[in-house]
Amino acid sequence: MTRLKPPAMIKPFAGLRPASGRAPDVAAPPYDVMSAPEARRMVVGRPWSFLHISRPEVDLPEDTDPYAPQVYAKARENLDRMLAEGVLVRDPTPGYYVYRLTRGEHVQTGLVAAASVAAYEADRIKKHELTRPVKEDDRVCQIEALDAQTGPVFLVYKSTAAIDDTLADLSAGPPAIDIRARDGVRHELWVIADGATGDRLSGAFERLDSLYVADGHHRSAAAARVAAARKAANPSHRGDEPYNYFLSVIFPHNRMQILDYNRVVRDLHGLDAAAFLDRLRIPFRVEPSPEPVKPARHGEFGMYLASSWYRLTLDARRIPDDPVDRLDVSLLQDNLIAPLLDIRDPRRDDRIGFVGGSRGLDWLAEQVDAGDMAVAFSLYPTRMEDLMAVADAGEVMPPKSTWFEPKLADGLVSHLLA
């Protein structure tokens, strides 16, 4: 077996992209931000939407198990159809891609690259969340069926001028793709096929101590599993095969926009609203609010209960120094959700739900008013610095701690493994 030098943190690749003029037809929201009924509505009148690949159950009967073998087979069938019709085409040579997201006044510019599985396993690409086996298995099946990675892993680097300035220069000209999605987010993509520029970018990333997984823990874990299986099955394994890398988009940490990740709970664990409020007054200062509560600081929470909003402020003496325990999601879990509602494992307990901040506070109240939920909580957003501190400490954040906006589009660039 030929041995190569250790793999670089990132490398260019020949991406699979929409053909010229087809990006508006193809681009789709990430596969995991909508329900099955929402996905079915999104593909009406859109035969080339990437959801036919990322959520192929939209083309099968409504009662189809989303993890059934025929779902992954349908994904492959739809990918082959888009290739045969020339809707998707592969770039002729490896390259990088600059990707810009614009939503209102917010702009973030990053690099689409193939990130090293070896760096991920060596913790140079740092994780901060545990994964759920069923979700991880789903992504493994998807990758194997397609022989491709189609959902990019959202990575972050600590902002450095060597990379930031280069990305700014590379995105100064007209983009290869420039579309505005239905949610108003503008997606722009520049193709960087120049070898010298690619080498400069590779070197700049190699000098970084680490990258951080912001979103996409299941996708990166699944890519590592696929790589291990293919390595074991390949007696000629070298280390530079495409399966040793995973599709990623890498942004500077100081341009990230993290929204609140709120909670809804189905019942009050046998308490009525009055008794629940009384018990809350031990760890929290509880103040009625005439309007929805969007927390303005660390340790402050909003609560919607029995048609009323409340502001909850945690006693400062209950806020620890540990980077995980001091997160607002941990403070709510440890001081309220676990002791008062008896939800000890929010990863597995179906009494609790998680709501991205993009849905707004009114949506939380609607769930309670409709009787679907008994209480809702709004949280102060996790900061990017908090996420990196947890990852640097080698610790794990609680589930559903961060909600990044705007979201990447699926379908603009995919990474083929063959």
# chains A, B, ... in the order shown; residues from 1 in each chain; ligands from 1
>>> residues_around(residues="Pro242 (chain A)", least_positions_apart="4", cutoff="12 Å", atoms="only C-alpha atoms", output="CSV table (one decimal) with C-alpha atoms, in the first residue's frame")
chain,number,residue,atom,x,y,z
A,7,PRO,CA,-4.0,14.8,4.3
A,10,ILE,CA,-9.1,20.9,3.0
A,11,LYS,CA,-8.7,20.4,-0.7
A,12,PRO,CA,-10.4,21.4,-4.0
A,13,PHE,CA,-12.8,19.1,-5.8
A,14,ALA,CA,-14.7,18.8,-9.0
A,15,GLY,CA,-18.2,19.8,-7.9
A,94,PRO,CA,-11.1,20.4,-9.2
A,113,ALA,CA,-14.2,22.8,0.0
A,114,ALA,CA,-13.7,19.1,0.6
A,115,ALA,CA,-12.8,18.8,4.3
A,116,SER,CA,-10.5,16.0,5.6
A,117,VAL,CA,-12.1,13.1,7.4
A,147,ASP,CA,-22.2,7.8,-4.1
A,148,ALA,CA,-22.1,11.5,-3.3
A,149,GLN,CA,-22.4,14.0,-0.4
A,223,ALA,CA,-19.1,10.8,6.1
A,224,ALA,CA,-16.5,9.5,8.5
A,226,VAL,CA,-18.5,5.8,5.0
A,227,ALA,CA,-14.8,6.6,4.7
A,230,ARG,CA,-14.6,2.2,2.1
A,231,LYS,CA,-11.1,2.2,3.4
A,237,HIS,CA,-6.4,2.6,-0.2
A,238,ARG,CA,-4.0,5.6,-0.5
A,246,PHE,CA,-16.6,15.6,3.0
A,247,LEU,CA,-18.5,18.5,1.5
A,415,HIS,CA,-19.3,16.2,-3.8
A,416,LEU,CA,-19.1,13.0,-5.9
A,417,LEU,CA,-17.2,10.0,-4.4
A,418,ALA,CA,-16.6,8.3,-7.7
>>> atom_distance(atom1="CA of Glu287 (chain A)", atom2="CA of Ala306 (chain A)")
14.4 Å
>>> select_by_dssp(residues="region 31-262 of chain A", states="strand (DSSP E)", output="ChimeraX atom specification")
/A:88-90,96-103,106-116,125-126,148-149,153-157,177-180,186-192,211-215,245-252,258-259,261-262
>>> closest_atom_pairs(of="region 197-287 of chain A", to="region 383-390 of chain A", cutoff="12 Å", atoms="only C-alpha atoms", output="Markdown table")
| residue | atom | partner | partner_atom | distance |
| --- | --- | --- | --- | --- |
| A:Ser210 | CA | A:Met388 | CA | 10.2 |
| A:Leu211 | CA | A:Met388 | CA | 9.3 |
| A:Tyr212 | CA | A:Met388 | CA | 7.1 |
| A:Val213 | CA | A:Met388 | CA | 9.3 |
| A:Ala214 | CA | A:Leu387 | CA | 8.0 |
| A:Asp215 | CA | A:Leu387 | CA | 11.0 |
| A:Phe251 | CA | A:Met384 | CA | 11.8 |
| A:Pro252 | CA | A:Met384 | CA | 10.4 |
| A:His253 | CA | A:Met384 | CA | 6.7 |
| A:Asn254 | CA | A:Met384 | CA | 7.8 |
| A:Arg255 | CA | A:Met384 | CA | 9.5 |
| A:Met256 | CA | A:Met384 | CA | 7.2 |
| A:Gln257 | CA | A:Met384 | CA | 8.4 |
| A:Ile258 | CA | A:Arg383 | CA | 6.9 |
| A:Leu259 | CA | A:Arg383 | CA | 9.1 |
| A:Asp260 | CA | A:Arg383 | CA | 9.9 |
| A:Tyr261 | CA | A:Arg383 | CA | 11.8 |
>>> residues_around(residues="region 192-194 of chain A", least_positions_apart="6", cutoff="12 Å", atoms="only C-alpha atoms", output="ChimeraX atom specification")
/A:12-15,91-99,111-113,166-167,169-171,173,175-176,200-201
>>> closest_residue(among="A:Gln333, A:Ser358, A:Ser54, A:Asn244", to="Ala27 (chain A)", atoms="only C-alpha atoms")
A:Ser54
>>> closest_residue(among="A:Ala172, A:Met397, A:Val264, A:Ala161", to="Trp363 (chain A)", atoms="only C-alpha atoms")
A:Val264
>>> closest_residue(among="A:Trp48, A:Tyr67, A:Phe284, A:Tyr31", to="Ala19 (chain A)", atoms="only C-alpha atoms")
A:Trp48
>>> residues_around(residues="Asp350 (chain A)", least_positions_apart="6", cutoff="12 Å", atoms="only C-alpha atoms", output="list in words")
Val264, Val265, Arg266, Asp267, Ile343, Arg344 and Met373 of chain A
>>> atom_distance(atom1="CA of Val329 (chain A)", atom2="CA of Ala119 (chain A)")
28.8 Å
>>> decode(residues="region 190-215 of chain A", atoms="N, CA and C atoms", output="mmCIF file, in the first residue's frame")
data_model
loop_
_atom_site.group_PDB
_atom_site.id
_atom_site.type_symbol
_atom_site.label_atom_id
_atom_site.label_comp_id
_atom_site.auth_asym_id
_atom_site.auth_seq_id
_atom_site.Cartn_x
_atom_site.Cartn_y
_atom_site.Cartn_z
ATOM 1 N N TRP A 190 -19.035 31.633 -6.669
ATOM 2 C CA TRP A 190 -17.939 31.888 -7.598
ATOM 3 C C TRP A 190 -17.102 30.623 -7.709
ATOM 4 N N VAL A 191 -16.711 30.265 -8.923
ATOM 5 C CA VAL A 191 -15.881 29.088 -9.165
ATOM 6 C C VAL A 191 -14.423 29.520 -9.188
ATOM 7 N N ILE A 192 -13.592 28.865 -8.379
ATOM 8 C CA ILE A 192 -12.160 29.206 -8.282
ATOM 9 C C ILE A 192 -11.368 28.010 -8.796
ATOM 10 N N ALA A 193 -11.053 28.036 -10.077
ATOM 11 C CA ALA A 193 -10.364 26.917 -10.713
ATOM 12 C C ALA A 193 -8.864 27.148 -10.868
ATOM 13 N N ASP A 194 -8.385 28.334 -10.526
ATOM 14 C CA ASP A 194 -6.963 28.641 -10.672
ATOM 15 C C ASP A 194 -6.157 27.869 -9.630
ATOM 16 N N GLY A 195 -5.193 27.084 -10.102
ATOM 17 C CA GLY A 195 -4.420 26.236 -9.204
ATOM 18 C C GLY A 195 -3.607 27.002 -8.175
ATOM 19 N N ALA A 196 -2.985 28.103 -8.588
ATOM 20 C CA ALA A 196 -2.154 28.874 -7.659
ATOM 21 C C ALA A 196 -3.006 29.466 -6.540
ATOM 22 N N THR A 197 -4.181 29.966 -6.897
ATOM 23 C CA THR A 197 -5.088 30.506 -5.881
ATOM 24 C C THR A 197 -5.546 29.402 -4.935
ATOM 25 N N GLY A 198 -5.845 28.244 -5.502
ATOM 26 C CA GLY A 198 -6.240 27.116 -4.670
ATOM 27 C C GLY A 198 -5.156 26.711 -3.700
ATOM 28 N N ASP A 199 -3.921 26.679 -4.171
ATOM 29 C CA ASP A 199 -2.801 26.340 -3.286
ATOM 30 C C ASP A 199 -2.664 27.356 -2.157
ATOM 31 N N ARG A 200 -2.882 28.624 -2.479
ATOM 32 C CA ARG A 200 -2.774 29.668 -1.452
ATOM 33 C C ARG A 200 -3.852 29.487 -0.384
ATOM 34 N N LEU A 201 -5.068 29.162 -0.828
ATOM 35 C CA LEU A 201 -6.147 28.921 0.126
ATOM 36 C C LEU A 201 -5.877 27.671 0.958
ATOM 37 N N SER A 202 -5.426 26.614 0.313
ATOM 38 C CA SER A 202 -5.115 25.392 1.047
ATOM 39 C C SER A 202 -4.076 25.645 2.121
ATOM 40 N N GLY A 203 -3.048 26.396 1.770
ATOM 41 C CA GLY A 203 -1.995 26.697 2.736
ATOM 42 C C GLY A 203 -2.489 27.531 3.899
ATOM 43 N N ALA A 204 -3.342 28.511 3.591
ATOM 44 C CA ALA A 204 -3.868 29.365 4.664
ATOM 45 C C ALA A 204 -4.710 28.564 5.651
ATOM 46 N N PHE A 205 -5.516 27.637 5.159
ATOM 47 C CA PHE A 205 -6.318 26.806 6.064
ATOM 48 C C PHE A 205 -5.451 25.813 6.818
ATOM 49 N N GLU A 206 -4.373 25.334 6.171
ATOM 50 C CA GLU A 206 -3.505 24.375 6.841
ATOM 51 C C GLU A 206 -2.797 25.016 8.035
ATOM 52 N N ARG A 207 -2.611 26.327 7.989
ATOM 53 C CA ARG A 207 -1.945 27.017 9.097
ATOM 54 C C ARG A 207 -2.878 27.263 10.287
ATOM 55 N N LEU A 208 -4.170 27.037 10.107
ATOM 56 C CA LEU A 208 -5.094 27.185 11.227
ATOM 57 C C LEU A 208 -4.936 26.026 12.202
ATOM 58 N N ASP A 209 -5.153 26.309 13.468
ATOM 59 C CA ASP A 209 -5.111 25.235 14.458
ATOM 60 C C ASP A 209 -6.285 24.281 14.276
ATOM 61 N N SER A 210 -7.449 24.841 13.947
ATOM 62 C CA SER A 210 -8.635 23.993 13.884
ATOM 63 C C SER A 210 -9.756 24.676 13.125
ATOM 64 N N LEU A 211 -10.724 23.858 12.726
ATOM 65 C CA LEU A 211 -12.018 24.305 12.241
ATOM 66 C C LEU A 211 -13.068 23.781 13.213
ATOM 67 N N TYR A 212 -14.286 24.325 13.107
ATOM 68 C CA TYR A 212 -15.357 23.942 14.025
ATOM 69 C C TYR A 212 -16.601 23.579 13.228
ATOM 70 N N VAL A 213 -17.234 22.460 13.607
ATOM 71 C CA VAL A 213 -18.521 22.116 13.018
ATOM 72 C C VAL A 213 -19.568 23.016 13.650
ATOM 73 N N ALA A 214 -20.182 23.874 12.863
ATOM 74 C CA ALA A 214 -21.269 24.711 13.367
ATOM 75 C C ALA A 214 -22.596 23.981 13.231
ATOM 76 N N ASP A 215 -22.821 23.402 12.058
ATOM 77 C CA ASP A 215 -24.060 22.673 11.796
ATOM 78 C C ASP A 215 -23.728 21.543 10.829
#
